[in-house]
Structures are given as structure tokens and as C-alpha cells.
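What follows is a single structure, written as C-alpha cells, with notes after it.
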Amino acid sequence: MKNKVVLVGCGNVGMSYAYALLNQQTYVDELIFIDIDKERIKGEAMDLNHCLAYSPSKVRVRVGDYKDCREARIVVIAAGANQNPGETRMDLISKNSKIFKSIVDEVMENGFKGIFLVATNPLDVMSYLTLKYSGLENSKVIGSGTTLDTARLRYLISEKVHICPKDIQAFVIGEHGDSEFVSWSNASIALTSIDAFLEEKEKDEIEEMVRNSAYEIIKKKGATYYGIGMCLVRITSAILEDKNIILPVSSYDEENGICISTPAVVNKNGVQKKIFIPLNEREKQKLTQSIKVIKDAIASLEKN
């Protein structure tokens with residue numbers, strides 16, 4: 001079977017993902033665009049195909065339709081309303097839940113049996129709805145979760161301590177939203193507690209910056225998309241290359257009946273295993289609050 005990826009929603013996030021994909025060595029053979037603006041995405045496909053002479057990967061890029069989902073390994077959903085200045089991710093819930101119902105129904109009606117990768121906000125709720133609408137097994141629906149928040153965290157720590165972000169072990173967990181938090185009690189550099197590198201005030205400042213990064217970027221340039229594009233490629237590669245790498249993605253938590261981000265093992269089967277890292281009492285309270293935020297959002301939808 002070819003490693004076919006279908007991208008539904010080719011706005012800023014979708015095209016940042018596509019461009020990042022072409023600029024990395026991946027196992028993707030075919031990338032197919034689905035969007036309501038057919039003419040524009042024809043232009044996007046042409047533009048990207050003109051990059052292939054210099055791309056490290058050989059990827060066929062084209063415009064398609066939902067019939068292409070039948071043989072796809074991954075369907076990436078980046079469709080939906082954008083977060084405007086002053087809006088929270090949860091403010092998008094009503095608009096995007098309706099969009100998702102039609103998308104997921106179309107994908108499944110065409111015999112899709114692969115893995116959904118969700119990038120639309122509010123991320124945890126949209127991941128949950130994708131799971132509910134699709135009827136797929138829990139492991140087959142992955143939200144990008146707090147992968148971007150974690151990347152932001154590691155970058156900000158690296159700027160403070162002058163160590164490569166790749167050598168920093170720290171995770172943002174919980175909701176991809178305002179109730180997310182850093183599990184500082186588990187953060188380390190070279191097997192040494194983060195406390196040896198950062199003071200409490202510095203940790204608080206970094207966590208606040210991570211939480212507000214999207215708002216700052218949206219205020220300055222209208223949207224955030226390069227970072228999430230890179231994160232989606234990382235997750236795509238983890239699936240197609242059966243990497244068994246640990247990423248803080250949003251996936252189904254059976255105990256609480258929601259999708260939420262924790263570190264998880266990601267491979268060809270999707271989320272192979274969620275890892276529930278030990279938390280201190282303060283972090284447990286933050287996780288409880290994050291779970292409540294997501295549950296309340298889902299409940300508000302189900303009432304309507």
C-alpha cells in the first residue's frame with residue numbers, strides 16, 4: 001500500500017504542514033488536498049510540485065476528493081474557523097463541531113480505515129468528536145495536542161539555559177488551551193532536575209509565555225501556523241515510519257471519557273500507549289481542572 005496522506009483543509013495550517021512535509025525526508029508517497037476552494041488548492045498543488053526538484057522526498061502532490069480517503073494511511077484535518085484576536089480556542093467550538101460532522105462522515109462513507117490526525121481547535125474537543133463520529137478504535141484518532149506547546153516550552157527553556165531544545169525533557173500536558181500546564185516535577189536536562197537550571201520565578205514566567213504564545217502571535221500576525229505544521233509532520237513520520245516515539249498528543253482517556261494530551265507512544269497503529277506520568281499535588285489539581293474544562297465543553301455541545 002502507498003503511504004497516501006489526505007489533507008482536508010488547506011488554509012494556513014494545512015499548507016504549512018504540506019510545505020514542511022516537502023522539506024523533510026518522509027515516507028509520504030502521495031499528498032492529496034481537499035478544500036472547498038478548488039481553484040486555490042490547484043494553485044497550491046502546482047506551486048508545491050515545482051519544489052520537488054529540490055525536495056529531499058519524492059511526493060506526488062495533487063487535488064482530490066473524499067474518494068481518495070479509501071486507501072489513505074492518514075487523513076489530516078486542518079479545516080475549520082480560525083482563532084481571531086481576542087478569541088480563545090474554545091470560542092470556536094460551535095462553528096467547528098458542525099464542520100467536523102460533515103467532514104468525518106464523508107471520509108468514513110468512502111471506506112477510510114486509517115488514522116485521523118486532527119489539528120483544528122478546540123483541539124481536544126475536535127479530536128473527541130472525530131472519534132465519536134468515525135466509530136474508529138481509540139488508537140486511530142490523534143490530536144496534535146500539546147506537541148506545539150511542548151515545542152514552545154523547550155525553546156523557551158533553551159533560550160534561558162543555553163542548551164539545545166532537543167536535549168530538554170519537559171512536557172506541557174492537559175488541554176491544548178488555557179488550562180494546559182507544565183509538569184515541572186518531571187522536567188529534566190541530562191537526567192538532572194530542571195530545578196538545577198531554573199528558579200521558581202523563571203519557571204512561572206516560561207509557563208505563562210507558553211500559554212500565551214498563540215495569543216501573542218495572533219495579535220502580531222493574525223494566525224499561528226508554522227509551528228503546528230512542523231508538529232504535524234513529526235506525528236505523520238512517527239506513524240508512517242513506525243517510530244514508537246513519545247509525543248504529547250491528544251488521545252482518548254478511557255477513565256475520563258475525553259481526549260486529552262499526555263505523553264504517548266506513537267507508531268503505525270496510532271497511539272500505542274498513553275503514559276500517565278507521576279504528578280505532584282499541585283499538578284494533579286491542574287490536570288483535574290483541565291479535564292473539567294474539556295468535559296464541560298463537550299457537555300455544552302451535547303446539550304445543543
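Each chain in the C-alpha cells gets a letter, A, B, ..., in the order shown, and its residues are numbered from 1; ligands are numbered from 1 in order too.
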Spatial neighbours of Pro263 in chain A, 8 Å, only C-alpha atoms, chain gap at least 6 places, as a compact mmCIF listing (two decimals) with N, CA, C and O atoms, in the first residue's frame:
```txt
# COMPACT_ATOMS: atom_id res chain seq x y z
N PHE A 171 7.43 18.46 29.36
CA PHE A 171 6.17 18.34 28.64
C PHE A 171 5.12 19.33 29.16
O PHE A 171 5.02 19.55 30.38
N ILE A 173 1.14 19.32 29.39
CA ILE A 173 0.09 18.31 29.31
C ILE A 173 -1.27 18.93 29.64
O ILE A 173 -1.38 20.08 30.05
N ILE A 246 7.80 9.06 21.65
CA ILE A 246 6.90 9.61 22.66
C ILE A 246 6.60 11.07 22.32
O ILE A 246 7.51 11.90 22.23
N LEU A 247 5.32 11.35 22.14
CA LEU A 247 4.87 12.70 21.83
C LEU A 247 3.65 13.03 22.69
O LEU A 247 2.82 12.16 22.95
N PRO A 248 3.50 14.29 23.11
CA PRO A 248 2.35 14.66 23.93
C PRO A 248 1.12 14.98 23.08
O PRO A 248 0.70 16.13 22.94
N VAL A 249 0.54 13.93 22.49
CA VAL A 249 -0.61 14.10 21.62
C VAL A 249 -1.92 13.94 22.40
O VAL A 249 -1.94 13.39 23.51
N LYS A 274 -0.82 5.39 26.11
CA LYS A 274 -0.72 6.66 26.82
C LYS A 274 0.16 6.45 28.06
O LYS A 274 0.08 5.42 28.72
N ILE A 275 0.98 7.45 28.36
CA ILE A 275 1.86 7.37 29.53
C ILE A 275 1.40 8.41 30.55
O ILE A 275 1.44 9.61 30.28
N PHE A 276 0.95 7.92 31.67
CA PHE A 276 0.46 8.83 32.73
C PHE A 276 1.60 9.07 33.71
O PHE A 276 1.83 8.28 34.63
N ILE A 277 2.31 10.15 33.50
CA ILE A 277 3.49 10.43 34.32
C ILE A 277 3.06 10.85 35.72
O ILE A 277 2.01 11.46 35.91
```
Hey, what's within 12 Å of Val271 in chain A if we count only C-alpha atoms and toss same-chain stuff fewer than 6 positions away? As a PyMOL selection string, please?
-> chain A and resi 115-117+137-144+235-236+238-239+242-253+259+261-265
What are the closest atom pairs, with distances in Å to one decimal, for all residues of range 158-272 of chain A lying within 10 Å of range 18-42 of chain A? Consider only C-alpha atoms, order rows by chain and residue number, and present the result as a Markdown table.
```
| residue | atom | partner | partner_atom | distance |
| --- | --- | --- | --- | --- |
| A:Tyr226 | CA | A:Ala20 | CA | 8.3 |
| A:Gly227 | CA | A:Ala20 | CA | 9.7 |
| A:Ile228 | CA | A:Ala20 | CA | 9.9 |
| A:Gly229 | CA | A:Ala20 | CA | 6.4 |
| A:Met230 | CA | A:Ala20 | CA | 6.0 |
| A:Cys231 | CA | A:Ala20 | CA | 9.4 |
| A:Leu232 | CA | A:Leu21 | CA | 8.8 |
| A:Val233 | CA | A:Leu21 | CA | 5.9 |
| A:Arg234 | CA | A:Leu21 | CA | 9.1 |
| A:Thr236 | CA | A:Thr26 | CA | 8.5 |
| A:Ser237 | CA | A:Thr26 | CA | 6.3 |
| A:Ala238 | CA | A:Thr26 | CA | 9.8 |
| A:Ile239 | CA | A:Tyr27 | CA | 9.7 |
| A:Leu240 | CA | A:Tyr27 | CA | 6.3 |
| A:Glu241 | CA | A:Tyr27 | CA | 6.9 |
```
Quote the spacing between CA of Asn121 in chain A and CA of Cys164 in chain A in Å to one decimal place.
->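 CA of Asn121 in chain A sits 29.4 Å away from CA of Cys164 in chain A.
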Check range 163-212 of chain A with DSSP on the backbone and list each residue it calls helix (DSSP H, G or I), as a VMD selection string.
-> chain A and resid 165 to 167 184 to 186 194 to 196 200 to 212
Just asking: which residues within range 64-118 of chain A are strand (DSSP E or B) according to DSSP, as an mmCIF file with all heavy atoms, in the first residue's frame?
```
data_model
loop_
_atom_site.group_PDB
_atom_site.id
_atom_site.type_symbol
_atom_site.label_atom_id
_atom_site.label_comp_id
_atom_site.auth_asym_id
_atom_site.auth_seq_id
_atom_site.Cartn_x
_atom_site.Cartn_y
_atom_site.Cartn_z
ATOM 1 N N ILE A 74 -3.315 8.112 6.361
ATOM 2 C CA ILE A 74 -3.631 9.176 7.320
ATOM 3 C C ILE A 74 -4.528 10.205 6.650
ATOM 4 O O ILE A 74 -4.295 10.584 5.495
ATOM 5 C CB ILE A 74 -2.350 9.893 7.809
ATOM 6 C CG1 ILE A 74 -1.366 8.907 8.447
ATOM 7 C CG2 ILE A 74 -2.691 11.002 8.804
ATOM 8 C CD1 ILE A 74 0.001 9.514 8.757
ATOM 9 N N VAL A 75 -5.556 10.649 7.356
ATOM 10 C CA VAL A 75 -6.324 11.825 6.965
ATOM 11 C C VAL A 75 -6.055 12.909 8.003
ATOM 12 O O VAL A 75 -6.351 12.736 9.191
ATOM 13 C CB VAL A 75 -7.837 11.536 6.871
ATOM 14 C CG1 VAL A 75 -8.621 12.850 6.738
ATOM 15 C CG2 VAL A 75 -8.140 10.633 5.681
ATOM 16 N N VAL A 76 -5.473 13.997 7.540
ATOM 17 C CA VAL A 76 -5.181 15.142 8.403
ATOM 18 C C VAL A 76 -6.308 16.149 8.257
ATOM 19 O O VAL A 76 -6.628 16.565 7.139
ATOM 20 C CB VAL A 76 -3.839 15.802 8.019
ATOM 21 C CG1 VAL A 76 -3.554 16.993 8.929
ATOM 22 C CG2 VAL A 76 -2.696 14.794 8.079
ATOM 23 N N ILE A 77 -6.910 16.543 9.374
ATOM 24 C CA ILE A 77 -7.982 17.554 9.318
ATOM 25 C C ILE A 77 -7.461 18.865 9.895
ATOM 26 O O ILE A 77 -7.158 18.964 11.084
ATOM 27 C CB ILE A 77 -9.240 17.113 10.089
ATOM 28 C CG1 ILE A 77 -9.726 15.738 9.628
ATOM 29 C CG2 ILE A 77 -10.340 18.152 9.892
ATOM 30 C CD1 ILE A 77 -10.980 15.259 10.336
ATOM 31 N N ILE A 115 -5.715 6.353 9.988
ATOM 32 C CA ILE A 115 -5.583 7.132 11.220
ATOM 33 C C ILE A 115 -5.937 8.586 10.940
ATOM 34 O O ILE A 115 -5.445 9.180 9.973
ATOM 35 C CB ILE A 115 -4.144 7.023 11.772
ATOM 36 C CG1 ILE A 115 -3.854 5.580 12.208
ATOM 37 C CG2 ILE A 115 -3.921 7.997 12.932
ATOM 38 C CD1 ILE A 115 -2.397 5.315 12.529
ATOM 39 N N PHE A 116 -6.794 9.150 11.772
ATOM 40 C CA PHE A 116 -7.094 10.581 11.724
ATOM 41 C C PHE A 116 -6.051 11.341 12.531
ATOM 42 O O PHE A 116 -5.725 10.957 13.662
ATOM 43 C CB PHE A 116 -8.467 10.880 12.331
ATOM 44 C CG PHE A 116 -9.626 10.704 11.397
ATOM 45 C CD1 PHE A 116 -10.506 9.630 11.545
ATOM 46 C CD2 PHE A 116 -9.875 11.626 10.389
ATOM 47 C CE1 PHE A 116 -11.590 9.469 10.707
ATOM 48 C CE2 PHE A 116 -10.972 11.468 9.544
ATOM 49 C CZ PHE A 116 -11.823 10.396 9.700
ATOM 50 N N LEU A 117 -5.578 12.441 11.958
ATOM 51 C CA LEU A 117 -4.695 13.362 12.664
ATOM 52 C C LEU A 117 -5.370 14.729 12.655
ATOM 53 O O LEU A 117 -5.578 15.320 11.588
ATOM 54 C CB LEU A 117 -3.329 13.414 11.981
ATOM 55 C CG LEU A 117 -2.284 14.386 12.521
ATOM 56 C CD1 LEU A 117 -2.106 14.252 14.023
ATOM 57 C CD2 LEU A 117 -0.952 14.170 11.803
ATOM 58 N N VAL A 118 -5.745 15.206 13.828
ATOM 59 C CA VAL A 118 -6.579 16.401 13.959
ATOM 60 C C VAL A 118 -5.740 17.598 14.401
ATOM 61 O O VAL A 118 -4.947 17.498 15.338
ATOM 62 C CB VAL A 118 -7.714 16.165 14.980
ATOM 63 C CG1 VAL A 118 -8.595 17.401 15.114
ATOM 64 C CG2 VAL A 118 -8.547 14.950 14.570
#
```
Option closest in space to Met108 in chain A, from A:Asp68, A:Ser127, A:Glu281, A:Ala79 [counting only C-alpha atoms] =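 Counting only C-alpha atoms, the residue closest to Met108 in chain A is A:Asp68.
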If you count only C-alpha atoms, which residues fall within 9 Å of Val182 in chain A, apart from same-chain ones fewer than 6 positions away, as a list in words?
-> Thr150, Leu153, Ala170, Phe171, Val172, Ile173, Gly174, Glu207 and Glu283 of chain A
In Å to one decimal, how far is CA of Leu123 in chain A from CA of Asn256 in chain A?
->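 CA of Leu123 in chain A lies at a distance of 16.5 Å from CA of Asn256 in chain A.
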Can you work out which one of A:Met15, A:Leu7, A:Ile99, A:Asn49 has the shortest atom-to-atom distance to Tyr66 in chain A, counting only C-alpha atoms?
->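 Using only C-alpha atoms, the shortest distance to Tyr66 in chain A belongs to A:Leu7.
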Between CA of Gly64 in chain A and CA of Gly270 in chain A, measure the distance and give it in Å to one decimal.
-> 24.2 Å
Near-Ile157 in chain A list (10 Å; only C-alpha atoms; drop same-chain fewer than 3 positions) as a list in words | Ala151, Arg152, Leu153, Arg154, Lys160, Val161, His162, Ile163, Cys164, Pro165, Ile168, Ala170, Ile194, Phe197, Leu198, Glu202, Lys203, Ile206 and Glu207 of chain A
